[in-house]
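Structure first, commentary second.
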Amino acid sequence: MRPQTPYRGRFAPSPSGYLHFGSLITALASFLDAKKNNGTWLVRIEDIDPPREKKGASDHILKTLEAFGLHWDESILFQSNQSDYYHHLIEQLFNEHHCYYCRCTRAQIKALGGIYQGHCRDLKLEKENSAIRVINQQSIVQYQDLIQGKVQCDQSLAKEDFIILRKDGLFAYQLAVVADDIYQEISHVIRGCDLLEPTARQLSFYPLLANKSSKTTQQIQAPLFGHVPLAVTEQGYKLSKQNKAPAIENNNPQPALYAALQFLGQQPPPELQYLNVDEIIQWAIIHWQLESVPKKREIQLT
């Protein structure tokens, strides 16, 4: 458990597409939990993969959040502005012998069972045509989730040395997300169940990065995590940008807000859907109960 610190939550979408109903569920749950706990709610744009970005998506995402009454409390952090910080962390990891160059391909790893076995760890490879992997010294195979309870992860995956800088020079998600949660002093992360296993990997990475941030000298603790169910179609597909889930309507947010509160188990009264956005949000903050969020990993939309 974390010591008593101010609540700081965040919503961190990638600009690979517009927000859909699944995104709204996550954003709303994160926002409401922060506000119910008199906390600060931040928005971070995870724009570290330019080839996957959709032009104009960042602006559209921010306009959608505002249209749905989800107003952030501090300046937006764009991960594309964090390159110097990430390079500084990687340099420190190298200086302390916590990472190494790797040239294994996805095909090679898949042929060996899908889990990287540390093939390049002791080869002392050069930078050219190499990714950078961190030595996973403190693998975490289980943790306590605020919503799902005890989460057990695949042991082999939890112990895997993972990539922090890709061969193409782009920063890996695992590095950027942990680095910026430390940088922004995030205390609570409410997000979707598709990230249950990556959470174990991120928790193992926190102790390694926590003392490398130059922003604070305070003892940094890993956030508490809570994972809300995923919205899936009748065919079992997760609503996602990759699956071309339709964007939510900025011009008529009330129906989607009401449906999201229902999905999250908050039992909004029928008359709520006819109020304005600010009134719906105020009701939702007052009545928010994290323990009412379903513990299912997925919920099928009808």
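Please note that chains go A, B, ... in the order of the structure tokens, that every chain numbers its residues from 1, and that ligands are numbered from 1 in the order shown.
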- Sel. of strand (DSSP E) residues, segment 18-134 of chain A, as a PyMOL selection string: chain A and resi 40-45+77-78+99-102+131-134
Residue subset to file, keeping N, CA and C atoms, as a PDB file, in the first residue's frame:
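selection.pdb, freshly written:
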ATOM      1  N   THR A  40      -6.292  15.321  -8.081  1.00  0.00           N
ATOM      2  CA  THR A  40      -5.933  16.012  -9.319  1.00  0.00           C
ATOM      3  C   THR A  40      -6.007  15.017 -10.469  1.00  0.00           C
ATOM      4  N   TRP A  41      -6.584  15.455 -11.581  1.00  0.00           N
ATOM      5  CA  TRP A  41      -6.721  14.574 -12.751  1.00  0.00           C
ATOM      6  C   TRP A  41      -5.964  15.180 -13.917  1.00  0.00           C
ATOM      7  N   LEU A  42      -5.053  14.397 -14.481  1.00  0.00           N
ATOM      8  CA  LEU A  42      -4.190  14.855 -15.569  1.00  0.00           C
ATOM      9  C   LEU A  42      -4.525  14.128 -16.864  1.00  0.00           C
ATOM     10  N   VAL A  43      -4.196  14.767 -17.967  1.00  0.00           N
ATOM     11  CA  VAL A  43      -4.295  14.144 -19.285  1.00  0.00           C
ATOM     12  C   VAL A  43      -2.907  14.156 -19.914  1.00  0.00           C
ATOM     13  N   ARG A  44      -2.512  12.992 -20.416  1.00  0.00           N
ATOM     14  CA  ARG A  44      -1.210  12.828 -21.061  1.00  0.00           C
ATOM     15  C   ARG A  44      -1.432  12.217 -22.442  1.00  0.00           C
ATOM     16  N   ILE A  45      -0.885  12.812 -23.465  1.00  0.00           N
ATOM     17  CA  ILE A  45      -1.027  12.294 -24.823  1.00  0.00           C
ATOM     18  C   ILE A  45       0.196  11.431 -25.141  1.00  0.00           C
ATOM     19  N   LEU A  77       0.518  16.913 -20.903  1.00  0.00           N
ATOM     20  CA  LEU A  77       1.872  16.432 -21.164  1.00  0.00           C
ATOM     21  C   LEU A  77       1.858  15.618 -22.452  1.00  0.00           C
ATOM     22  N   PHE A  78       2.657  16.045 -23.426  1.00  0.00           N
ATOM     23  CA  PHE A  78       2.826  15.298 -24.666  1.00  0.00           C
ATOM     24  C   PHE A  78       4.126  14.513 -24.556  1.00  0.00           C
ATOM     25  N   CYS A  99      20.811  -2.533 -18.616  1.00  0.00           N
ATOM     26  CA  CYS A  99      20.205  -2.811 -19.922  1.00  0.00           C
ATOM     27  C   CYS A  99      21.299  -3.181 -20.924  1.00  0.00           C
ATOM     28  N   TYR A 100      20.867  -3.634 -22.100  1.00  0.00           N
ATOM     29  CA  TYR A 100      21.819  -4.115 -23.103  1.00  0.00           C
ATOM     30  C   TYR A 100      21.166  -4.071 -24.484  1.00  0.00           C
ATOM     31  N   TYR A 101      22.016  -4.182 -25.516  1.00  0.00           N
ATOM     32  CA  TYR A 101      21.538  -4.196 -26.895  1.00  0.00           C
ATOM     33  C   TYR A 101      21.093  -5.602 -27.283  1.00  0.00           C
ATOM     34  N   CYS A 102      20.028  -5.662 -28.082  1.00  0.00           N
ATOM     35  CA  CYS A 102      19.458  -6.948 -28.511  1.00  0.00           C
ATOM     36  C   CYS A 102      19.064  -6.864 -29.980  1.00  0.00           C
ATOM     37  N   ALA A 131      17.808  -3.173 -30.658  1.00  0.00           N
ATOM     38  CA  ALA A 131      16.900  -2.612 -29.662  1.00  0.00           C
ATOM     39  C   ALA A 131      17.627  -2.590 -28.325  1.00  0.00           C
ATOM     40  N   ILE A 132      17.035  -1.937 -27.335  1.00  0.00           N
ATOM     41  CA  ILE A 132      17.595  -1.946 -25.978  1.00  0.00           C
ATOM     42  C   ILE A 132      16.600  -2.636 -25.053  1.00  0.00           C
ATOM     43  N   ARG A 133      17.091  -3.633 -24.334  1.00  0.00           N
ATOM     44  CA  ARG A 133      16.280  -4.331 -23.339  1.00  0.00           C
ATOM     45  C   ARG A 133      16.791  -4.024 -21.938  1.00  0.00           C
ATOM     46  N   VAL A 134      15.852  -3.929 -20.999  1.00  0.00           N
ATOM     47  CA  VAL A 134      16.216  -3.744 -19.603  1.00  0.00           C
ATOM     48  C   VAL A 134      16.292  -5.114 -18.932  1.00  0.00           C
TER      49      VAL A 134
END
- Message: So that I can see what lies close to Glu91 of chain A, please list as a PyMOL selection string the residues with an atom at most 12 Å from it, counting only C-alpha atoms and leaving out residues fewer than 3 positions away in the same chain.
- Response: chain A and resi 84-88+94-100+132+134+164-165+209+212
- Message: Please compute the atom CA of Ser16 of chain A-atom CA of Gln174 of chain A distance, one decimal, in Å.
- Response: 17.5 Å
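Residues within 12 Å of Tyr274 of chain A, counting only C-alpha atoms and excluding same-chain residues fewer than 3 positions away, are Asn252, Pro253, Gln254, Pro255, Ala256, Leu257, Tyr258, Pro268, Pro269, Pro270, Glu271, Val277, Asp278, Glu279 and Ile280 of chain A.
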- Task: To one decimal in Å, tell me the separation between atom CA of Glu197 of chain A and atom CA of Lys110 of chain A.
- Result: 18.5 Å
- Note on the structure: The residue from A:Gln79, A:Ser30, A:Asn37, A:Gln92 with the smallest atom-to-atom distance to Asp49 of chain A, counting only C-alpha atoms, is A:Gln79
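Restricting the calculation to only C-alpha atoms, the smallest distance between Leu301 of chain A and any of A:Ile90, A:Leu230, A:Asn38, A:Arg8 is found for A:Leu230.
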- Query: Pick from A:Arg166, A:His20, A:Lys35, A:Lys54: nearest to Ala231 of chain A, with only C-alpha atoms counted?
  - Reply: A:His20
- Message: My list of candidates is A:Pro51, A:Gly192, A:Pro6, A:Gly149. Which is closest to Ala27 of chain A when distances are computed with only C-alpha atoms?
- Response: A:Gly192
